[in-house]
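Asks: Here you go, this is run_38.pdb (PDB, C-alpha atoms and all ligand atoms).
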```pdb
ATOM      1  CA  MET A   1      98.926  44.123  36.694
ATOM      2  CA  THR A   2     100.853  45.688  33.875
ATOM      3  CA  GLU A   3      99.718  46.250  30.318
ATOM      4  CA  GLU A   4      96.730  43.928  30.712
ATOM      5  CA  THR A   5      95.062  46.407  33.035
ATOM      6  CA  PRO A   6      91.691  47.273  31.539
ATOM      7  CA  GLU A   7      91.207  50.842  30.451
ATOM      8  CA  PRO A   8      88.524  52.721  32.330
ATOM      9  CA  VAL A   9      85.130  52.076  30.812
ATOM     10  CA  GLU A  10      82.862  55.082  30.779
ATOM     11  CA  PRO A  11      79.389  53.625  31.191
ATOM     12  CA  VAL A  12      78.432  52.835  34.763
ATOM     13  CA  GLU A  13      76.792  49.652  35.878
ATOM     14  CA  VAL A  14      73.255  50.203  37.030
ATOM     15  CA  PRO A  15      71.120  48.182  39.407
ATOM     16  CA  VAL A  16      68.811  45.771  37.713
ATOM     17  CA  ASP A  17      65.793  46.003  39.966
ATOM     18  CA  GLY A  18      63.553  47.971  37.641
ATOM     19  CA  GLY A  19      59.821  47.809  38.161
ATOM     20  CA  GLU A  20      58.205  48.299  34.777
ATOM     21  CA  PRO A  21      56.337  45.580  32.916
ATOM     22  CA  ASP A  22      58.619  43.262  31.066
ATOM     23  CA  ILE A  23      59.655  43.404  27.464
ATOM     24  CA  VAL A  24      57.241  42.728  24.675
ATOM     25  CA  SER A  25      57.468  39.047  23.951
ATOM     26  CA  GLY A  26      56.988  37.138  20.746
ATOM     27  CA  GLU A  27      58.925  37.207  17.500
ATOM     28  CA  ALA A  28      61.115  40.215  16.997
ATOM     29  CA  PRO A  29      59.574  42.602  14.477
ATOM     30  CA  PRO A  30      61.266  43.212  11.150
ATOM     31  CA  LEU A  31      63.771  46.006  11.301
ATOM     32  CA  VAL A  32      61.598  49.080  11.051
ATOM     33  CA  GLU A  33      62.180  51.849   8.606
ATOM     34  CA  GLY A  34      64.865  54.208   9.791
ATOM     35  CA  ALA A  35      66.804  51.602  11.727
ATOM     36  CA  GLU A  36      68.585  50.175   8.718
ATOM     37  CA  SER A  37      72.319  50.140   8.730
ATOM     38  CA  GLU A  38      73.896  53.026   6.859
ATOM     39  CA  ARG A  39      76.709  50.735   5.835
ATOM     40  CA  PRO A  40      76.180  48.575   2.827
ATOM     41  CA  ILE A  41      75.857  45.135   4.338
ATOM     42  CA  GLU A  42      77.048  42.175   2.374
ATOM     43  CA  VAL A  43      75.560  38.977   3.606
ATOM     44  CA  GLU A  44      77.576  36.436   1.692
ATOM     45  CA  VAL A  45      78.291  33.802   4.277
ATOM     46  CA  GLY A  46      81.656  32.245   3.756
ATOM     47  CA  GLU A  47      83.877  35.239   3.353
ATOM     48  CA  LYS A  48      86.089  35.931   6.368
ATOM     49  CA  LEU A  49      85.050  39.019   8.293
ATOM     50  CA  VAL A  50      87.187  38.548  11.400
ATOM     51  CA  GLU A  51      90.394  36.617  11.933
ATOM     52  CA  VAL A  52      91.437  35.870  15.487
ATOM     53  CA  ARG A  53      95.076  34.863  15.233
ATOM     54  CA  ASN A  54      97.028  33.105  18.000
ATOM     55  CA  LEU A  55      95.403  35.330  20.583
ATOM     56  CA  THR A  56      96.965  35.041  24.027
ATOM     57  CA  VAL A  57      96.091  36.981  27.167
ATOM     58  CA  LYS A  58      98.029  36.478  30.401
ATOM     59  CA  PHE A  59      97.187  37.870  33.803
ATOM     60  CA  GLY A  60     100.412  37.499  35.736
ATOM     61  CA  GLY A  61     100.982  33.748  35.897
ATOM     62  CA  LEU A  62      97.534  32.855  34.587
ATOM     63  CA  THR A  63      97.062  32.301  30.870
ATOM     64  CA  ALA A  64      93.387  33.198  30.434
ATOM     65  CA  LEU A  65      93.524  32.819  26.646
ATOM     66  CA  ASP A  66      96.112  30.533  25.126
ATOM     67  CA  ASP A  67      97.038  30.820  21.447
ATOM     68  CA  VAL A  68      93.444  30.878  20.212
ATOM     69  CA  THR A  69      92.806  31.038  16.466
ATOM     70  CA  PHE A  70      89.438  31.125  14.691
ATOM     71  CA  ASP A  71      87.626  32.981  11.927
ATOM     72  CA  ILE A  72      84.230  34.622  11.883
ATOM     73  CA  LYS A  73      82.497  34.526   8.534
ATOM     74  CA  ARG A  74      80.364  37.338   7.265
ATOM     75  CA  GLY A  75      76.691  36.852   7.996
ATOM     76  CA  GLU A  76      77.004  33.996  10.467
ATOM     77  CA  ILE A  77      76.101  33.607  14.115
ATOM     78  CA  LEU A  78      79.172  32.117  15.731
ATOM     79  CA  GLY A  79      78.778  30.674  19.221
ATOM     80  CA  LEU A  80      81.643  30.982  21.705
ATOM     81  CA  ILE A  81      81.115  28.523  24.518
ATOM     82  CA  GLY A  82      83.018  26.875  27.339
ATOM     83  CA  PRO A  83      82.790  26.276  31.074
ATOM     84  CA  ASN A  84      83.103  29.111  33.607
ATOM     85  CA  GLY A  85      86.523  30.712  33.468
ATOM     86  CA  ALA A  86      87.304  29.225  30.039
ATOM     87  CA  GLY A  87      88.332  32.621  28.652
ATOM     88  CA  LYS A  88      85.241  33.664  26.675
ATOM     89  CA  THR A  89      84.902  37.160  28.117
ATOM     90  CA  THR A  90      88.670  37.593  28.001
ATOM     91  CA  CYS A  91      88.494  36.824  24.282
ATOM     92  CA  PHE A  92      85.852  39.559  23.816
ATOM     93  CA  ASN A  93      87.915  41.957  25.892
ATOM     94  CA  ALA A  94      91.025  41.321  23.822
ATOM     95  CA  MET A  95      89.062  41.677  20.566
ATOM     96  CA  THR A  96      87.379  44.950  21.535
ATOM     97  CA  GLY A  97      90.332  46.754  23.094
ATOM     98  CA  VAL A  98      89.397  46.399  26.764
ATOM     99  CA  TYR A  99      92.542  44.301  27.302
ATOM    100  CA  ARG A 100      95.690  44.429  25.260
ATOM    101  CA  PRO A 101      96.584  40.910  24.133
ATOM    102  CA  THR A 102      99.880  39.514  25.387
ATOM    103  CA  SER A 103     100.429  38.213  21.862
ATOM    104  CA  GLY A 104      98.507  37.431  18.714
ATOM    105  CA  ASP A 105      96.173  39.660  16.764
ATOM    106  CA  VAL A 106      92.606  40.233  15.644
ATOM    107  CA  LEU A 107      91.855  41.416  12.116
ATOM    108  CA  LEU A 108      88.565  42.927  11.016
ATOM    109  CA  GLU A 109      88.338  42.929   7.228
ATOM    110  CA  GLY A 110      92.086  42.561   7.228
ATOM    111  CA  GLN A 111      92.674  45.532   9.545
ATOM    112  CA  SER A 112      94.476  44.840  12.782
ATOM    113  CA  VAL A 113      92.945  46.046  16.039
ATOM    114  CA  LYS A 114      96.417  46.110  17.581
ATOM    115  CA  GLY A 115      97.187  49.309  19.442
ATOM    116  CA  ARG A 116      93.708  50.709  18.863
ATOM    117  CA  LYS A 117      91.590  52.029  21.703
ATOM    118  CA  GLN A 118      88.083  50.817  22.412
ATOM    119  CA  HIS A 119      86.358  53.689  20.596
ATOM    120  CA  GLN A 120      88.616  53.235  17.569
ATOM    121  CA  ILE A 121      87.731  49.548  17.427
ATOM    122  CA  THR A 122      84.050  50.493  17.676
ATOM    123  CA  ARG A 123      84.533  52.760  14.657
ATOM    124  CA  LEU A 124      86.302  49.994  12.825
ATOM    125  CA  GLY A 125      83.048  48.056  13.173
ATOM    126  CA  MET A 126      83.159  45.899  16.285
ATOM    127  CA  ALA A 127      80.497  46.453  18.945
ATOM    128  CA  ARG A 128      79.816  44.480  22.100
ATOM    129  CA  THR A 129      77.608  44.121  25.106
ATOM    130  CA  PHE A 130      78.884  43.263  28.552
ATOM    131  CA  GLN A 131      78.303  40.245  30.771
ATOM    132  CA  ASN A 132      77.447  42.744  33.521
ATOM    133  CA  ILE A 133      75.160  45.373  32.052
ATOM    134  CA  ARG A 134      76.772  48.767  31.544
ATOM    135  CA  LEU A 135      74.417  51.594  30.711
ATOM    136  CA  PHE A 136      74.222  55.281  31.516
ATOM    137  CA  GLY A 137      71.754  54.795  34.363
ATOM    138  CA  GLU A 138      70.568  58.404  34.629
ATOM    139  CA  MET A 139      69.984  58.763  30.892
ATOM    140  CA  THR A 140      66.790  57.647  29.225
ATOM    141  CA  ALA A 141      66.728  54.517  27.114
ATOM    142  CA  LEU A 142      66.542  56.719  24.018
ATOM    143  CA  GLU A 143      69.552  58.795  25.091
ATOM    144  CA  ASN A 144      71.591  55.659  25.690
ATOM    145  CA  VAL A 145      71.047  54.650  22.068
ATOM    146  CA  VAL A 146      71.758  58.159  20.769
ATOM    147  CA  VAL A 147      75.129  57.922  22.522
ATOM    148  CA  GLY A 148      75.863  54.838  20.434
ATOM    149  CA  LEU A 149      74.882  56.677  17.270
ATOM    150  CA  ASP A 150      77.093  59.592  18.235
ATOM    151  CA  ALA A 151      80.078  57.286  18.009
ATOM    152  CA  ARG A 152      79.742  57.651  14.228
ATOM    153  CA  HIS A 153      78.874  61.319  13.861
ATOM    154  CA  ARG A 154      81.032  63.613  11.865
ATOM    155  CA  THR A 155      79.903  66.908  13.379
ATOM    156  CA  SER A 156      82.896  68.675  14.888
ATOM    157  CA  VAL A 157      82.778  69.863  18.480
ATOM    158  CA  PRO A 158      82.495  73.549  17.439
ATOM    159  CA  GLY A 159      79.732  72.534  15.028
ATOM    160  CA  ALA A 160      77.910  70.831  17.856
ATOM    161  CA  LEU A 161      78.355  73.819  20.163
ATOM    162  CA  ILE A 162      76.890  76.341  17.742
ATOM    163  CA  ARG A 163      74.291  73.803  16.611
ATOM    164  CA  SER A 164      75.085  74.026  12.938
ATOM    165  CA  PRO A 165      72.315  73.017  10.526
ATOM    166  CA  ARG A 166      74.166  69.775   9.989
ATOM    167  CA  HIS A 167      74.248  69.110  13.731
ATOM    168  CA  VAL A 168      70.516  69.779  14.032
ATOM    169  CA  ARG A 169      69.860  67.469  11.102
ATOM    170  CA  GLU A 170      72.014  64.732  12.602
ATOM    171  CA  GLU A 171      70.361  65.187  15.988
ATOM    172  CA  ARG A 172      66.919  64.722  14.469
ATOM    173  CA  SER A 173      67.896  61.701  12.448
ATOM    174  CA  SER A 174      69.691  60.281  15.508
ATOM    175  CA  VAL A 175      66.499  60.397  17.539
ATOM    176  CA  ASP A 176      64.497  58.791  14.726
ATOM    177  CA  ARG A 177      67.012  56.063  14.234
ATOM    178  CA  ALA A 178      67.411  55.477  17.977
ATOM    179  CA  MET A 179      63.629  55.107  18.273
ATOM    180  CA  ALA A 180      63.618  52.658  15.410
ATOM    181  CA  LEU A 181      66.335  50.599  17.098
ATOM    182  CA  LEU A 182      64.389  50.581  20.380
ATOM    183  CA  GLU A 183      61.377  49.367  18.456
ATOM    184  CA  PHE A 184      63.473  46.699  16.777
ATOM    185  CA  VAL A 185      64.642  45.294  20.126
ATOM    186  CA  GLY A 186      61.104  45.528  21.507
ATOM    187  CA  ILE A 187      61.362  48.283  24.124
ATOM    188  CA  SER A 188      60.252  51.474  22.336
ATOM    189  CA  GLN A 189      57.485  51.935  24.923
ATOM    190  CA  HIS A 190      60.235  52.626  27.489
ATOM    191  CA  ALA A 191      62.132  55.175  25.387
ATOM    192  CA  GLN A 192      61.701  58.033  27.849
ATOM    193  CA  LYS A 193      62.405  56.073  31.026
ATOM    194  CA  ARG A 194      65.726  56.339  32.804
ATOM    195  CA  SER A 195      67.642  53.210  31.936
ATOM    196  CA  ARG A 196      68.181  52.389  35.622
ATOM    197  CA  ASP A 197      64.411  52.150  36.014
ATOM    198  CA  LEU A 198      64.021  49.556  33.268
ATOM    199  CA  SER A 199      63.554  45.884  34.065
ATOM    200  CA  TYR A 200      66.573  43.642  33.793
ATOM    201  CA  GLY A 201      65.311  42.143  30.523
ATOM    202  CA  SER A 202      64.758  45.571  28.983
ATOM    203  CA  GLN A 203      68.223  46.694  30.042
ATOM    204  CA  ARG A 204      69.732  43.693  28.266
ATOM    205  CA  ARG A 205      67.823  44.637  25.116
ATOM    206  CA  LEU A 206      68.788  48.283  25.473
ATOM    207  CA  GLU A 207      72.459  47.281  25.506
ATOM    208  CA  ILE A 208      71.920  45.467  22.222
ATOM    209  CA  ALA A 209      70.184  48.506  20.691
ATOM    210  CA  ARG A 210      73.051  50.742  21.779
ATOM    211  CA  ALA A 211      75.605  48.377  20.294
ATOM    212  CA  LEU A 212      73.627  48.205  17.020
ATOM    213  CA  ALA A 213      73.566  52.004  16.942
ATOM    214  CA  THR A 214      77.281  52.020  16.251
ATOM    215  CA  ASP A 215      76.479  50.212  12.995
ATOM    216  CA  PRO A 216      78.796  47.312  13.673
ATOM    217  CA  LYS A 217      80.100  44.817  11.188
ATOM    218  CA  LEU A 218      80.472  42.398  14.080
ATOM    219  CA  LEU A 219      78.149  42.401  17.090
ATOM    220  CA  CYS A 220      79.596  40.597  20.124
ATOM    221  CA  LEU A 221      77.056  39.556  22.760
ATOM    222  CA  ASP A 222      78.376  38.352  26.126
ATOM    223  CA  GLU A 223      75.707  36.143  27.689
ATOM    224  CA  PRO A 224      72.810  38.377  26.624
ATOM    225  CA  ALA A 225      70.280  35.894  28.019
ATOM    226  CA  ALA A 226      71.928  35.430  31.429
ATOM    227  CA  GLY A 227      69.295  35.407  34.142
ATOM    228  CA  PHE A 228      66.393  34.989  31.715
ATOM    229  CA  ASN A 229      63.687  32.382  32.094
ATOM    230  CA  PRO A 230      63.275  29.881  29.216
ATOM    231  CA  ALA A 231      60.535  31.906  27.474
ATOM    232  CA  GLU A 232      62.573  35.111  27.674
ATOM    233  CA  LYS A 233      65.588  33.248  26.328
ATOM    234  CA  GLU A 234      63.599  32.002  23.340
ATOM    235  CA  ASP A 235      62.448  35.561  22.634
ATOM    236  CA  LEU A 236      65.975  36.850  22.810
ATOM    237  CA  MET A 237      67.248  34.166  20.457
ATOM    238  CA  ALA A 238      64.525  35.198  17.992
ATOM    239  CA  LEU A 239      65.840  38.750  18.226
ATOM    240  CA  ILE A 240      69.414  37.569  17.627
ATOM    241  CA  ARG A 241      68.286  35.626  14.578
ATOM    242  CA  SER A 242      66.517  38.679  13.203
ATOM    243  CA  ILE A 243      69.648  40.770  13.800
ATOM    244  CA  ARG A 244      71.565  38.272  11.692
ATOM    245  CA  ASP A 245      68.792  38.282   9.085
ATOM    246  CA  GLU A 246      69.350  42.030   8.751
ATOM    247  CA  GLY A 247      72.852  41.229   7.594
ATOM    248  CA  TYR A 248      74.847  41.644  10.779
ATOM    249  CA  THR A 249      77.453  39.119  11.859
ATOM    250  CA  VAL A 250      77.093  37.966  15.459
ATOM    251  CA  LEU A 251      79.515  36.448  17.959
ATOM    252  CA  LEU A 252      77.508  35.010  20.826
ATOM    253  CA  ILE A 253      78.673  33.839  24.232
ATOM    254  CA  GLU A 254      75.961  31.751  25.833
ATOM    255  CA  HIS A 255      76.024  29.118  28.555
ATOM    256  CA  ASP A 256      72.783  27.360  27.737
ATOM    257  CA  MET A 257      73.875  24.618  25.339
ATOM    258  CA  LYS A 258      70.404  23.956  24.003
ATOM    259  CA  LEU A 259      69.985  27.592  23.164
ATOM    260  CA  VAL A 260      73.359  27.865  21.530
ATOM    261  CA  MET A 261      72.717  24.759  19.428
ATOM    262  CA  GLY A 262      69.452  26.251  18.214
ATOM    263  CA  VAL A 263      70.665  29.659  17.151
ATOM    264  CA  THR A 264      74.265  29.378  15.971
ATOM    265  CA  ASP A 265      75.691  28.402  12.588
ATOM    266  CA  ARG A 266      79.013  27.303  14.032
ATOM    267  CA  ILE A 267      80.531  26.961  17.481
ATOM    268  CA  VAL A 268      83.998  27.533  18.930
ATOM    269  CA  VAL A 269      84.629  25.829  22.275
ATOM    270  CA  LEU A 270      87.151  27.065  24.832
ATOM    271  CA  GLU A 271      88.418  25.188  27.864
ATOM    272  CA  PHE A 272      91.077  26.563  30.206
ATOM    273  CA  GLY A 273      91.871  29.267  27.671
ATOM    274  CA  LYS A 274      92.473  26.851  24.797
ATOM    275  CA  LYS A 275      90.305  26.168  21.774
ATOM    276  CA  ILE A 276      89.219  22.540  21.936
ATOM    277  CA  ALA A 277      86.675  22.460  19.107
ATOM    278  CA  ASP A 278      85.437  24.549  16.168
ATOM    279  CA  ASP A 279      82.623  22.997  14.169
ATOM    280  CA  LEU A 280      78.952  22.834  13.257
ATOM    281  CA  PRO A 281      76.501  22.508  16.180
ATOM    282  CA  PRO A 282      75.585  18.837  15.569
ATOM    283  CA  VAL A 283      79.274  17.895  15.536
ATOM    284  CA  ILE A 284      79.980  19.913  18.697
ATOM    285  CA  ARG A 285      77.057  18.260  20.436
ATOM    286  CA  ASN A 286      78.653  14.832  19.960
ATOM    287  CA  ASP A 287      82.277  15.809  20.515
ATOM    288  CA  PRO A 288      83.602  13.763  23.454
ATOM    289  CA  ARG A 289      86.040  16.519  24.435
ATOM    290  CA  VAL A 290      83.275  19.060  24.595
ATOM    291  CA  ILE A 291      81.034  16.745  26.567
ATOM    292  CA  ALA A 292      83.889  16.078  28.979
ATOM    293  CA  ALA A 293      84.545  19.810  29.342
ATOM    294  CA  TYR A 294      80.949  20.260  30.348
ATOM    295  CA  LEU A 295      80.835  17.382  32.831
ATOM    296  CA  GLY A 296      79.731  18.831  36.086
ATOM    297  CA  VAL A 297      76.903  20.818  34.530
ATOM    298  CA  PRO A 298      73.486  19.164  34.393
ATOM    299  CA  GLU A 299      73.362  16.526  31.687
ATOM    300  CA  ASP A 300      70.363  18.224  30.140
ATOM    301  CA  ASP A 301      72.512  21.207  29.261
ATOM    302  CA  VAL A 302      74.875  19.028  27.271
ATOM    303  CA  ALA A 303      72.345  16.791  25.543
TER     304      ALA A 303
HETATM  305  N1  LIG B 401      91.125  41.191  34.854
HETATM  306  C1  LIG B 401      91.512  39.970  35.232
HETATM  307  N2  LIG B 401      92.547  39.787  36.077
HETATM  308  C2  LIG B 401      92.959  38.547  36.443
HETATM  309  N3  LIG B 401      92.382  37.411  36.025
HETATM  310  C3  LIG B 401      91.336  37.522  35.182
HETATM  311  C4  LIG B 401      90.839  38.791  34.734
HETATM  312  N4  LIG B 401      89.795  38.580  33.898
HETATM  313  C5  LIG B 401      89.639  37.253  33.828
HETATM  314  N5  LIG B 401      90.550  36.616  34.588
HETATM  315  C6  LIG B 401      90.704  35.162  34.727
HETATM  316  O1  LIG B 401      90.836  34.627  33.422
HETATM  317  C7  LIG B 401      90.138  33.403  33.312
HETATM  318  C8  LIG B 401      89.112  33.508  32.204
HETATM  319  O2  LIG B 401      88.087  34.380  32.630
HETATM  320  P1  LIG B 401      86.881  34.818  31.699
HETATM  321  O3  LIG B 401      86.119  35.853  32.437
HETATM  322  O4  LIG B 401      87.399  35.173  30.368
HETATM  323  O5  LIG B 401      86.056  33.460  31.606
HETATM  324  P2  LIG B 401      84.628  33.200  30.945
HETATM  325  O6  LIG B 401      84.813  32.066  30.004
HETATM  326  O7  LIG B 401      84.047  34.452  30.417
HETATM  327  O8  LIG B 401      83.818  32.675  32.213
HETATM  328  P3  LIG B 401      82.260  32.884  32.618
HETATM  329  O9  LIG B 401      81.517  31.834  31.869
HETATM  330  O10 LIG B 401      82.280  32.614  34.084
HETATM  331  O11 LIG B 401      81.866  34.271  32.278
HETATM  332  C9  LIG B 401      89.546  33.116  34.693
HETATM  333  O12 LIG B 401      90.422  32.288  35.388
HETATM  334  C10 LIG B 401      89.477  34.485  35.316
HETATM  335  O13 LIG B 401      89.549  34.400  36.723
HETATM  336 MG    MG B 402      82.421  35.557  30.868
END
```
How would this structure read if it were set down as structure tokens?
Replies:
Amino acid sequence: MTEETPEPVEPVEVPVDGGEPDIVSGEAPPLVEGAESERPIEVEVGEKLVEVRNLTVKFGGLTALDDVTFDIKRGEILGLIGPNGAGKTTCFNAMTGVYRPTSGDVLLEGQSVKGRKQHQITRLGMARTFQNIRLFGEMTALENVVVGLDARHRTSVPGALIRSPRHVREERSSVDRAMALLEFVGISQHAQKRSRDLSYGSQRRLEIARALATDPKLLCLDEPAAGFNPAEKEDLMALIRSIRDEGYTVLLIEHDMKLVMGVTDRIVVLEFGKKIADDLPPVIRNDPRVIAAYLGVPEDDVA
């Protein structure tokens, strides 16, 4: 492994065998006061927010992502689908600085992510969750979200050490905003629990809250509903829709075709690292190439 080697990722994976009652179900609440983005959000769908240009990622002899090009428009929910091993997570990793692309580029509002580290790309406005949950297991749910908010703070290290008035002010507003984000994703009742003690479903939601805390222009979700039962999946899709309704742009990897058809505005399909389709959900649903790519999964998932 040469330059594709992933950089170390700070958060640790935590076990998912929490014992607390599950997440609050039902429609996601409107974004509560205090959780609003501090960035002016423009929700004009149509304008390009992200340009993925000829993105290629090779692992030795394996081309995991092969010359993939697509745009993400501001305010849309774009689905990224494809069979196992198609290159979906690799695409996220190359976009968010976990892997350095072999060639090609990703532009966010015209700015290249090339050569930038993960935290710099986060600051640029791209946040993501992981297929395998990564949280600070010993920290509370609230603290995990505050960490996300800290990614944007301007207080200098000396300022933080001597607890300048500005630091105290930011700390207080961080806690308020983190609480509001926990409420938004439906787990505020677990704010003071260690994240490792949360149920699997709550941990998935906590990851989303932490990613939102960085105030992203693009939120990338890697199979956020993996392992959920159908009712939990529906609830999560409602949350994703309400995130979009708040003005965020969402890139969603999801295996469940029915789910993806119901929540996305447009879908990009990968197969063996190549883009094989990029269209509206009803067109994707009837695309023979896409159907063929999914042969081998239960027919219900394709219908
Ligand atoms: N770090 C790595 N080193 C070597 N090969 C890798 C690495 N990461 C991914 N791959 C390979 O790249 C290909 C694409 O993997 P990727 O994880 O992007 O697929 P995916 O579409 O996310 O699949 P899934 O639906 O199973 O999550 C696979 O063949 C995988 O084995
Ligand atoms: Mg994956």
Asks: When you look at segment 115-119 of chain A with a cut-off of 8 Å (counting all atoms listed in the file), what residues show up, excluding the ones that are within fewer than 6 positions of it in the same chain? I need them as a JSON list (two decimals) with C-alpha atoms, in the coordinates of the input.
Replies:
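Result saved to selection.json:
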```
[["chain", "number", "residue", "atom", "x", "y", "z"],
["A", 96, "THR", "CA", 87.38, 44.95, 21.54],
["A", 97, "GLY", "CA", 90.33, 46.75, 23.09],
["A", 98, "VAL", "CA", 89.40, 46.40, 26.76],
["A", 100, "ARG", "CA", 95.69, 44.43, 25.26],
["A", 151, "ALA", "CA", 80.08, 57.29, 18.01]]
```
Asks: With segment 205-216 of chain A as the partner and 10 Å as the cut-off, tabulate the residues of segment 75-135 of chain A that qualify, each row holding the nearest pair of atoms and their distance in Å to one decimal, using only C-alpha atoms, sorted by chain and rising number, as a tab-separated table.
Replies:
```
residue	atom	partner	partner_atom	distance
A:Ile121	CA	A:Pro216	CA	9.9
A:Thr122	CA	A:Thr214	CA	7.1
A:Arg123	CA	A:Thr214	CA	7.5
A:Leu124	CA	A:Pro216	CA	8.0
A:Gly125	CA	A:Pro216	CA	4.3
A:Met126	CA	A:Pro216	CA	5.3
A:Ala127	CA	A:Ala211	CA	5.4
A:Arg128	CA	A:Ala211	CA	6.0
A:Thr129	CA	A:Glu207	CA	6.1
A:Phe130	CA	A:Glu207	CA	8.2
A:Ile133	CA	A:Glu207	CA	7.3
A:Arg134	CA	A:Glu207	CA	7.6
A:Leu135	CA	A:Glu207	CA	7.0
```
Asks: Between atom CA of Glu246 of chain A and atom CA of Cys91 of chain A, what distance in Å does the model show, to one decimal?
Replies: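 One can read the atom CA of Glu246 of chain A to atom CA of Cys91 of chain A distance as 25.2 Å.
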Asks: Quick one, how far is atom CA of Val250 of chain A from atom CA of Glu234 of chain A?
Replies: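 Taking atom CA of Val250 of chain A and atom CA of Glu234 of chain A, their separation equals 16.7 Å.
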Asks: Per residue of chain A within 9 Å of ligand LIG 401 (chain B), which atom pair is closest and at what distance in Å (one decimal), using only C-alpha atoms and all ligand atoms, listed by chain and increasing number, as JSON lines?
Replies:
```
{"residue": "A:Met1", "atom": "CA", "partner": "B:LIG401", "partner_atom": "N2", "distance": 7.7}
{"residue": "A:Glu4", "atom": "CA", "partner": "B:LIG401", "partner_atom": "N1", "distance": 7.5}
{"residue": "A:Thr5", "atom": "CA", "partner": "B:LIG401", "partner_atom": "N1", "distance": 6.8}
{"residue": "A:Pro6", "atom": "CA", "partner": "B:LIG401", "partner_atom": "N1", "distance": 6.9}
{"residue": "A:Val57", "atom": "CA", "partner": "B:LIG401", "partner_atom": "O1", "distance": 8.5}
{"residue": "A:Lys58", "atom": "CA", "partner": "B:LIG401", "partner_atom": "O1", "distance": 8.0}
{"residue": "A:Phe59", "atom": "CA", "partner": "B:LIG401", "partner_atom": "C2", "distance": 5.0}
{"residue": "A:Gly60", "atom": "CA", "partner": "B:LIG401", "partner_atom": "C2", "distance": 7.6}
{"residue": "A:Leu62", "atom": "CA", "partner": "B:LIG401", "partner_atom": "O1", "distance": 7.0}
{"residue": "A:Thr63", "atom": "CA", "partner": "B:LIG401", "partner_atom": "O1", "distance": 7.1}
{"residue": "A:Ala64", "atom": "CA", "partner": "B:LIG401", "partner_atom": "O1", "distance": 4.2}
{"residue": "A:Leu65", "atom": "CA", "partner": "B:LIG401", "partner_atom": "C8", "distance": 7.1}
{"residue": "A:Leu80", "atom": "CA", "partner": "B:LIG401", "partner_atom": "O6", "distance": 8.9}
{"residue": "A:Ile81", "atom": "CA", "partner": "B:LIG401", "partner_atom": "O6", "distance": 7.5}
{"residue": "A:Gly82", "atom": "CA", "partner": "B:LIG401", "partner_atom": "O6", "distance": 6.1}
{"residue": "A:Pro83", "atom": "CA", "partner": "B:LIG401", "partner_atom": "O9", "distance": 5.8}
{"residue": "A:Asn84", "atom": "CA", "partner": "B:LIG401", "partner_atom": "O9", "distance": 3.6}
{"residue": "A:Gly85", "atom": "CA", "partner": "B:LIG401", "partner_atom": "O5", "distance": 3.4}
{"residue": "A:Ala86", "atom": "CA", "partner": "B:LIG401", "partner_atom": "O6", "distance": 3.8}
{"residue": "A:Gly87", "atom": "CA", "partner": "B:LIG401", "partner_atom": "O4", "distance": 3.2}
{"residue": "A:Lys88", "atom": "CA", "partner": "B:LIG401", "partner_atom": "O6", "distance": 3.7}
{"residue": "A:Thr89", "atom": "CA", "partner": "B:LIG401", "partner_atom": "O7", "distance": 3.7}
{"residue": "A:Thr90", "atom": "CA", "partner": "B:LIG401", "partner_atom": "O4", "distance": 3.6}
{"residue": "A:Cys91", "atom": "CA", "partner": "B:LIG401", "partner_atom": "O4", "distance": 6.4}
{"residue": "A:Phe92", "atom": "CA", "partner": "B:LIG401", "partner_atom": "O4", "distance": 8.0}
{"residue": "A:Asn93", "atom": "CA", "partner": "B:LIG401", "partner_atom": "O4", "distance": 8.1}
{"residue": "A:Tyr99", "atom": "CA", "partner": "B:LIG401", "partner_atom": "N1", "distance": 8.3}
{"residue": "A:Gln131", "atom": "CA", "partner": "B:LIG401", "partner_atom": "O11", "distance": 7.1}
{"residue": "A:Asp222", "atom": "CA", "partner": "B:LIG401", "partner_atom": "O7", "distance": 8.1}
{"residue": "A:Glu223", "atom": "CA", "partner": "B:LIG401", "partner_atom": "O11", "distance": 7.9}
{"residue": "A:Ile253", "atom": "CA", "partner": "B:LIG401", "partner_atom": "O7", "distance": 8.2}
{"residue": "A:Glu254", "atom": "CA", "partner": "B:LIG401", "partner_atom": "O9", "distance": 8.2}
{"residue": "A:His255", "atom": "CA", "partner": "B:LIG401", "partner_atom": "O9", "distance": 7.0}
{"residue": "A:Leu270", "atom": "CA", "partner": "B:LIG401", "partner_atom": "O6", "distance": 7.6}
{"residue": "A:Glu271", "atom": "CA", "partner": "B:LIG401", "partner_atom": "O6", "distance": 8.1}
{"residue": "A:Phe272", "atom": "CA", "partner": "B:LIG401", "partner_atom": "C8", "distance": 7.5}
{"residue": "A:Gly273", "atom": "CA", "partner": "B:LIG401", "partner_atom": "C8", "distance": 6.8}
```
Asks: Report the distance between atom CA of Glu51 of chain A and atom CA of Glu109 of chain A in Å, rounded to one decimal place.
Replies: 8.1 Å
Asks: Go through A:Thr102, A:Asn144, A:Asn132, A:Ser242 and flag the residue nearest ligand MG 402 (chain B), using only C-alpha atoms and all ligand atoms for the distances.
Replies: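 Smallest distance to ligand MG 402 (chain B) is found for A:Asn132.
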Asks: Kindly indicate which residue among A:Met95, A:Ala226, A:Leu259, A:Ala238 lies nearest to ligand MG 402 (chain B), using only C-alpha atoms and all ligand atoms for the distances.
Replies: A:Ala226
Asks: Skip Lys73 of chain A itself and residues of its chain fewer than 6 positions away, then list as a PyMOL selection string all residues within 12 Å of it, counting all atoms listed in the file.
Replies: chain A and resi 42-52+79+108-109+217-218+244+247-251+265-267
Asks: Which one of A:Ile291, A:Leu221, A:Asp235, A:Ile276 sits closest to ligand MG 402 (chain B) if you count only C-alpha atoms and all ligand atoms?
Replies: A:Leu221
